[in-house]
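> This is the content of structure_9.pdb (PDB, C-alpha atoms and all ligand atoms):
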ATOM      1  CA  MET D  93       1.625 -13.200  -2.882
ATOM      2  CA  ALA D  94       3.450 -14.291  -6.050
ATOM      3  CA  TYR D  95       3.559 -11.687  -8.818
ATOM      4  CA  ALA D  96       4.340 -12.052 -12.506
ATOM      5  CA  ASN D  97       7.678 -10.352 -13.092
ATOM      6  CA  PRO D  98       8.241  -9.766 -16.799
ATOM      7  CA  ALA D  99      11.778  -9.693 -18.210
ATOM      8  CA  ARG D 100      12.774  -6.834 -20.498
ATOM      9  CA  ILE D 101       9.894  -4.354 -20.977
ATOM     10  CA  LYS D 102       9.099  -1.410 -23.229
ATOM     11  CA  LEU D 103       7.442   1.767 -21.957
ATOM     12  CA  HIS D 104       6.784   4.402 -24.602
ATOM     13  CA  GLU D 105      10.012   4.434 -26.687
ATOM     14  CA  HIS D 106      12.368   3.052 -24.008
ATOM     15  CA  GLN D 107      13.431  -0.470 -23.033
ATOM     16  CA  PHE D 108      13.957  -1.381 -19.381
ATOM     17  CA  VAL D 109      15.695  -4.396 -17.844
ATOM     18  CA  PRO D 110      15.125  -6.060 -14.444
ATOM     19  CA  PHE D 111      17.061  -4.440 -11.595
ATOM     20  CA  LEU D 112      15.428  -5.436  -8.260
ATOM     21  CA  THR D 113      13.129  -8.447  -8.028
ATOM     22  CA  PRO D 114       9.824  -8.363  -6.143
ATOM     23  CA  THR D 115      11.326 -10.718  -3.562
ATOM     24  CA  GLU D 116      14.392  -8.530  -2.975
ATOM     25  CA  ILE D 117      12.115  -5.522  -2.546
ATOM     26  CA  GLN D 118       9.711  -7.281  -0.178
ATOM     27  CA  LEU D 119      12.521  -8.583   2.054
ATOM     28  CA  ARG D 120      14.052  -5.127   2.345
ATOM     29  CA  VAL D 121      10.690  -3.464   2.978
ATOM     30  CA  VAL D 122      10.090  -5.857   5.883
ATOM     31  CA  GLU D 123      13.486  -4.869   7.338
ATOM     32  CA  LEU D 124      12.660  -1.178   6.986
ATOM     33  CA  GLY D 125       9.298  -1.770   8.666
ATOM     34  CA  GLN D 126      11.042  -3.486  11.568
ATOM     35  CA  GLU D 127      13.438  -0.546  11.919
ATOM     36  CA  LEU D 128      10.496   1.856  12.094
ATOM     37  CA  ALA D 129       8.795  -0.352  14.665
ATOM     38  CA  LEU D 130      11.937  -0.168  16.804
ATOM     39  CA  SER D 131      12.363   3.602  16.479
ATOM     40  CA  HIS D 132       8.653   4.561  16.786
ATOM     41  CA  GLY D 133       7.109   1.617  18.637
ATOM     42  CA  SER D 134       6.322   3.629  21.770
ATOM     43  CA  GLY D 135       4.170   6.197  19.944
ATOM     44  CA  LYS D 136       1.681   6.726  17.147
ATOM     45  CA  PRO D 137       3.478   8.381  14.251
ATOM     46  CA  SER D 138       1.785  10.130  11.344
ATOM     47  CA  PHE D 139       2.694   8.581   8.012
ATOM     48  CA  LEU D 140       2.952  11.056   5.141
ATOM     49  CA  VAL D 141       3.092   9.410   1.731
ATOM     50  CA  MET D 142       4.613  11.308  -1.205
ATOM     51  CA  LEU D 143       2.371  10.695  -4.229
ATOM     52  CA  LYS D 144       2.373   9.358  -6.712
ATOM     53  CA  GLY D 145       5.574   7.329  -6.695
ATOM     54  CA  ALA D 146       5.545   6.146  -3.071
ATOM     55  CA  PHE D 147       2.021   4.718  -2.953
ATOM     56  CA  ILE D 148       2.957   1.043  -3.328
ATOM     57  CA  PHE D 149       6.072   1.235  -1.140
ATOM     58  CA  ALA D 150       4.100   3.045   1.563
ATOM     59  CA  ALA D 151       1.296   0.484   1.561
ATOM     60  CA  ASP D 152       3.800  -2.326   2.115
ATOM     61  CA  LEU D 153       6.038  -0.418   4.538
ATOM     62  CA  ILE D 154       3.259   0.784   6.828
ATOM     63  CA  ARG D 155       1.853  -2.733   7.105
ATOM     64  CA  ALA D 156       5.335  -4.198   7.650
ATOM     65  CA  SER D 157       5.936  -1.757  10.513
ATOM     66  CA  GLY D 158       2.812  -2.881  12.364
ATOM     67  CA  LEU D 159       2.481   0.705  13.622
ATOM     68  CA  GLY D 160      -0.870   2.411  14.045
ATOM     69  CA  GLY D 161      -1.223   6.089  13.424
ATOM     70  CA  GLU D 162      -2.865   8.169  10.752
ATOM     71  CA  ILE D 163      -1.897   8.141   7.112
ATOM     72  CA  GLY D 164      -1.861  11.249   4.952
ATOM     73  CA  PHE D 165      -0.846  12.046   1.408
ATOM     74  CA  VAL D 166       1.059  14.836  -0.243
ATOM     75  CA  ARG D 167       1.748  15.246  -3.915
ATOM     76  CA  THR D 168       4.706  16.942  -5.502
ATOM     77  CA  GLN D 169       5.784  16.713  -9.121
ATOM     78  CA  SER D 170       8.972  17.671 -10.879
ATOM     79  CA  TYR D 171       9.812  15.004 -13.493
ATOM     80  CA  LYS D 172       9.112  15.045 -17.215
ATOM     81  CA  GLY D 173      10.274  11.828 -18.848
ATOM     82  CA  THR D 174      13.580  10.798 -17.293
ATOM     83  CA  GLU D 175      14.732  14.299 -16.277
ATOM     84  CA  THR D 176      13.843  16.631 -13.448
ATOM     85  CA  SER D 177      12.306  19.900 -14.617
ATOM     86  CA  GLY D 178      14.081  21.546 -11.700
ATOM     87  CA  GLU D 179      10.749  23.036 -10.574
ATOM     88  CA  VAL D 180       8.947  21.183  -7.768
ATOM     89  CA  ARG D 181       5.181  21.744  -7.943
ATOM     90  CA  MET D 182       2.938  21.051  -4.945
ATOM     91  CA  HIS D 183      -0.403  19.532  -5.973
ATOM     92  CA  ILE D 184      -1.593  18.201  -2.594
ATOM     93  CA  ALA D 185      -0.361  19.872   0.587
ATOM     94  CA  PRO D 186      -0.083  18.099   3.965
ATOM     95  CA  GLU D 187      -2.995  18.222   6.411
ATOM     96  CA  PRO D 188      -1.689  20.362   9.304
ATOM     97  CA  GLU D 189      -3.291  18.152  11.978
ATOM     98  CA  LEU D 190      -1.226  15.191  10.785
ATOM     99  CA  VAL D 191       1.978  17.189  11.170
ATOM    100  CA  THR D 192       1.796  19.754  13.962
ATOM    101  CA  ASP D 193       3.189  18.269  17.209
ATOM    102  CA  GLN D 194       3.314  14.832  15.560
ATOM    103  CA  ASP D 195       6.150  12.373  14.917
ATOM    104  CA  VAL D 196       6.027  12.318  11.129
ATOM    105  CA  ILE D 197       7.364   9.458   9.026
ATOM    106  CA  LEU D 198       7.746  10.851   5.518
ATOM    107  CA  ILE D 199       7.677   8.081   2.910
ATOM    108  CA  GLU D 200       9.324   8.709  -0.458
ATOM    109  CA  ASP D 201      10.026   6.290  -3.298
ATOM    110  CA  ILE D 202      13.285   7.834  -4.471
ATOM    111  CA  ILE D 203      15.765  10.572  -3.629
ATOM    112  CA  ASP D 204      17.616  11.405  -6.838
ATOM    113  CA  SER D 205      18.704  15.042  -7.311
ATOM    114  CA  GLY D 206      17.277  15.807  -3.847
ATOM    115  CA  ASN D 207      15.304  18.769  -5.255
ATOM    116  CA  THR D 208      11.908  17.395  -4.191
ATOM    117  CA  MET D 209      13.000  16.870  -0.570
ATOM    118  CA  GLN D 210      14.779  20.186  -0.491
ATOM    119  CA  ALA D 211      11.572  21.925  -1.596
ATOM    120  CA  PHE D 212       9.199  19.926   0.603
ATOM    121  CA  LEU D 213      10.987  19.666   3.968
ATOM    122  CA  PRO D 214      10.696  23.414   4.753
ATOM    123  CA  ILE D 215       6.930  23.195   4.052
ATOM    124  CA  LEU D 216       6.742  20.391   6.590
ATOM    125  CA  ALA D 217       8.947  22.221   9.101
ATOM    126  CA  ALA D 218       6.666  25.279   8.912
ATOM    127  CA  LEU D 219       3.860  23.102  10.339
ATOM    128  CA  LYS D 220       6.029  22.382  13.404
ATOM    129  CA  PRO D 221       6.155  18.582  13.660
ATOM    130  CA  ARG D 222       7.602  17.075  16.845
ATOM    131  CA  SER D 223       9.984  15.022  14.725
ATOM    132  CA  VAL D 224      10.471  14.052  11.082
ATOM    133  CA  THR D 225      11.890  10.734   9.877
ATOM    134  CA  VAL D 226      12.601  10.563   6.140
ATOM    135  CA  VAL D 227      12.368   7.079   4.626
ATOM    136  CA  THR D 228      13.083   6.390   0.965
ATOM    137  CA  LEU D 229      13.043   3.079  -0.861
ATOM    138  CA  LEU D 230      15.744   4.159  -3.319
ATOM    139  CA  HIS D 231      18.619   6.610  -3.018
ATOM    140  CA  LYS D 232      20.947   7.756  -5.798
ATOM    141  CA  PRO D 233      23.775   9.490  -3.916
ATOM    142  CA  GLU D 234      25.833   9.968  -7.081
ATOM    143  CA  ALA D 235      23.012  11.949  -8.681
ATOM    144  CA  GLN D 236      22.210  14.040  -5.633
ATOM    145  CA  GLN D 237      22.741  17.753  -6.151
ATOM    146  CA  VAL D 238      21.637  19.083  -2.772
ATOM    147  CA  ASP D 239      22.114  17.839   0.767
ATOM    148  CA  VAL D 240      18.832  16.726   2.376
ATOM    149  CA  GLN D 241      17.723  14.897   5.498
ATOM    150  CA  LEU D 242      17.586  11.127   4.974
ATOM    151  CA  ASP D 243      17.137   8.705   7.871
ATOM    152  CA  LEU D 244      16.404   5.339   6.262
ATOM    153  CA  ALA D 245      17.060   4.091   2.726
ATOM    154  CA  GLY D 246      16.094   0.733   1.254
ATOM    155  CA  PHE D 247      18.601   0.531  -1.574
ATOM    156  CA  VAL D 248      21.485   2.729  -2.638
ATOM    157  CA  ILE D 249      21.462   2.585  -6.430
ATOM    158  CA  PRO D 250      23.520   3.950  -9.348
ATOM    159  CA  PRO D 251      22.400   7.109 -11.170
ATOM    160  CA  LYS D 252      20.246   5.409 -13.810
ATOM    161  CA  PHE D 253      16.532   5.965 -14.390
ATOM    162  CA  VAL D 254      14.340   3.239 -12.843
ATOM    163  CA  VAL D 255      10.651   2.294 -13.025
ATOM    164  CA  GLY D 256       8.264  -0.095 -11.286
ATOM    165  CA  TYR D 257       6.915  -0.646  -7.770
ATOM    166  CA  GLY D 258       5.197   2.756  -7.943
ATOM    167  CA  LEU D 259       7.754   4.592 -10.074
ATOM    168  CA  ASP D 260       6.772   5.615 -13.601
ATOM    169  CA  TYR D 261       8.210   6.661 -16.912
ATOM    170  CA  ASP D 262       5.831   9.309 -18.230
ATOM    171  CA  GLY D 263       2.863   7.705 -16.497
ATOM    172  CA  LEU D 264       3.632   4.072 -17.274
ATOM    173  CA  GLY D 265       5.187   1.238 -15.267
ATOM    174  CA  ARG D 266       3.973   2.014 -11.759
ATOM    175  CA  GLN D 267       2.145  -1.338 -11.509
ATOM    176  CA  LEU D 268       5.247  -3.485 -12.061
ATOM    177  CA  PRO D 269       6.059  -5.569  -8.953
ATOM    178  CA  GLY D 270       9.810  -5.365  -9.572
ATOM    179  CA  ILE D 271      12.071  -2.407 -10.329
ATOM    180  CA  TYR D 272      13.558  -1.988 -13.809
ATOM    181  CA  GLN D 273      16.463   0.083 -15.060
ATOM    182  CA  LEU D 274      16.685   1.952 -18.358
ATOM    183  CA  ALA D 275      18.508  -0.335 -20.815
ATOM    184  CA  GLU D 276      21.541   1.209 -22.430
ATOM    185  CA  ASP D 277      21.577  -1.034 -25.494
ATOM    186  CA  TYR D 278      18.245  -0.327 -27.141
TER     187      TYR D 278
HETATM  188  O1  LIG L   1      15.201  13.793  -5.829
HETATM  189  P1  LIG L   1      14.456  14.260  -7.032
HETATM  190  O2  LIG L   1      15.363  14.402  -8.228
HETATM  191  O3  LIG L   1      13.649  15.493  -6.791
HETATM  192  O4  LIG L   1      13.459  13.087  -7.475
HETATM  193  C1  LIG L   1      12.600  12.446  -6.591
HETATM  194  C2  LIG L   1      11.159  12.659  -6.911
HETATM  195  O5  LIG L   1      10.874  12.298  -8.260
HETATM  196  C3  LIG L   1       9.721  11.504  -8.298
HETATM  197  O6  LIG L   1       8.556  12.281  -8.320
HETATM  198  P2  LIG L   1       7.891  12.852  -9.668
HETATM  199  O7  LIG L   1       8.131  14.329  -9.758
HETATM  200  O8  LIG L   1       8.299  12.012 -10.834
HETATM  201  O9  LIG L   1       6.348  12.655  -9.371
HETATM  202  P3  LIG L   1       5.548  11.275  -9.136
HETATM  203  O10 LIG L   1       5.939  10.770  -7.756
HETATM  204  O11 LIG L   1       4.123  11.694  -9.209
HETATM  205  O12 LIG L   1       5.945  10.316 -10.221
HETATM  206  C4  LIG L   1       9.782  10.730  -7.003
HETATM  207  O13 LIG L   1       8.519  10.233  -6.634
HETATM  208  C5  LIG L   1      10.320  11.749  -6.044
HETATM  209  O14 LIG L   1       9.294  12.492  -5.419
HETATM  210  N1  LIG L   2      10.524   6.802 -12.236
HETATM  211  C1  LIG L   2      11.514   7.512 -11.723
HETATM  212  N2  LIG L   2      11.273   8.683 -11.129
HETATM  213  C2  LIG L   2      12.341   9.332 -10.630
HETATM  214  N3  LIG L   2      12.401  10.506  -9.986
HETATM  215  C3  LIG L   2      13.672  10.720  -9.690
HETATM  216  N4  LIG L   2      14.464   9.741 -10.126
HETATM  217  C4  LIG L   2      13.644   8.859 -10.712
HETATM  218  C5  LIG L   2      13.889   7.594 -11.351
HETATM  219  O1  LIG L   2      15.002   7.068 -11.492
HETATM  220  N5  LIG L   2      12.767   6.977 -11.826
END
Show me, as structure tokens, the structure contained in the file I just sent.
Ligand SMILES: O=P(O)(O)OC[C@H]1O[C@H](OP(=O)(O)OP(=O)(O)O)[C@H](O)[C@@H]1O
Ligand SMILES: Nc1nc2[nH]cnc2c(=O)[nH]1

Amino acid sequence: MAYANPARIKLHEHQFVPFLTPTEIQLRVVELGQELALSHGSGKPSFLVMLKGAFIFAADLIRASGLGGEIGFVRTQSYKGTETSGEVRMHIAPEPELVTDQDVILIEDIIDSGNTMQAFLPILAALKPRSVTVVTLLHKPEAQQVDVQLDLAGFVIPPKFVVGYGLDYDGLGRQLPGIYQLAEDY
């Protein structure tokens, strides 16, 4: 499918410039799906999607993997504007039957400070999964403050705030097919 991919955009008071095109994202998502097919092809993993940010990535990744298996959703929240609040709130908890004794593929849109993963992984571990594979579309190693499990990353990116392809700035921008970076010259 061909998507409109606007150039510079404004969300609330901030300007954003193109960073990853829809085509670059789609090609990488297909590769990630193939990697999951190779590592989990003999079983039926449970996909756990971290809402809200990962909903578009997960929809594409799960289909690219060709894997069956159930899909569940969890929702954490810690960002206000472009900064983490430092407090990770759990709005939707995982369904135990999708985790206990299952091979879980946890799908995240971005690992930035690492706080969200650090808070969530023990909650998952308490439900005793057989295995956990953490997949993120974006990883900002230079911004990471805590060490967390990460098995598969789509793009390693610099420590700048990004939006699009599921990621928002204060509620806006999730629908954009490409990924945009906060402009420095606005
Ligand atoms: O590594 P961290 O610094 O913790 O950042 C990563 C988290 O931030 C975003 O979630 P957010 O709290 O914005 O909620 P959302 O997914 O509903 O937008 C993103 O979806 C990750 O879950
Ligand atoms: N939209 C968005 N959410 C985030 N959560 C953690 N880092 C980011 C980021 O760069 N953009």
> Let me know the centre plus edge lengths, in Å and rounded to one decimal, of a box with edges along x, y and z that contains all listed atoms of ligand LIG 2 (chain L) and is padded by 6 Å on every side, as AutoDock Vina command-line options.

--center_x 12.8 --center_y 8.8 --center_z -11.0 --size_x 16.5 --size_y 15.9 --size_z 14.5
> So what do you get for CA of Leu124 (chain D) versus CA of Val141 (chain D), distance-wise?
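Taking CA of Leu124 (chain D) and CA of Val141 (chain D), their separation equals 15.2 Å.
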> Taking only C-alpha atoms into account, name the residue in D:Val240, D:Pro137, D:Gly161, D:Phe247 that is nearest to Pro221 (chain D).
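Nearest to Pro221 (chain D): D:Pro137.
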> Do you know which residues are within 10 Å of ligand LIG 2 (chain L) using all atoms listed in the file? Can you write them as a PyMOL selection string?
chain D and resi 144-145+169-176+201-208+230-232+235-236+249-266+271-274
> Rank nothing, just name the residue among D:Ile215, D:Ala146, D:Gln241, D:Ser223 nearest to ligand LIG 1 (chain L), using all atoms listed in the file.
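Among the listed residues, the smallest separation from ligand LIG 1 (chain L) belongs to D:Ala146.
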> For the atom pair CA of Thr192 (chain D) and CA of Ala218 (chain D), what is the interatomic distance in Å to one decimal place?
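CA of Ala218 (chain D) lies at a distance of 8.9 Å from CA of Thr192 (chain D).
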> Can you spell out as a ChimeraX atom specification the set of residues that the PyMOL selection byres (((chain D and resi 123) around 12) and not hetatm) selects in the structure I just provided?
/D:116-122,124-130,152-158,229,244-247
> I'd like the contact shell of Gly164 (chain D) - 10 Å cut-off, all atoms listed in the file, skipping same-chain residues fewer than 5 positions apart - returned as a PyMOL selection string.
chain D and resi 138-142+185-187+189-191+198
> Kindly give the distance, in Å, that separates CA of Pro214 (chain D) and atom O13 of ligand LIG 1 (chain L), rounded to a single decimal.
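Between CA of Pro214 (chain D) and atom O13 of ligand LIG 1 (chain L) the gap works out to 17.6 Å.
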> Would you kindly translate the PyMOL selection byres (((chain D and resi 100) around 10) and not hetatm) into the concrete residues it picks from this file, as a ChimeraX atom specification?
/D:97-99,101-102,107-110,272-275
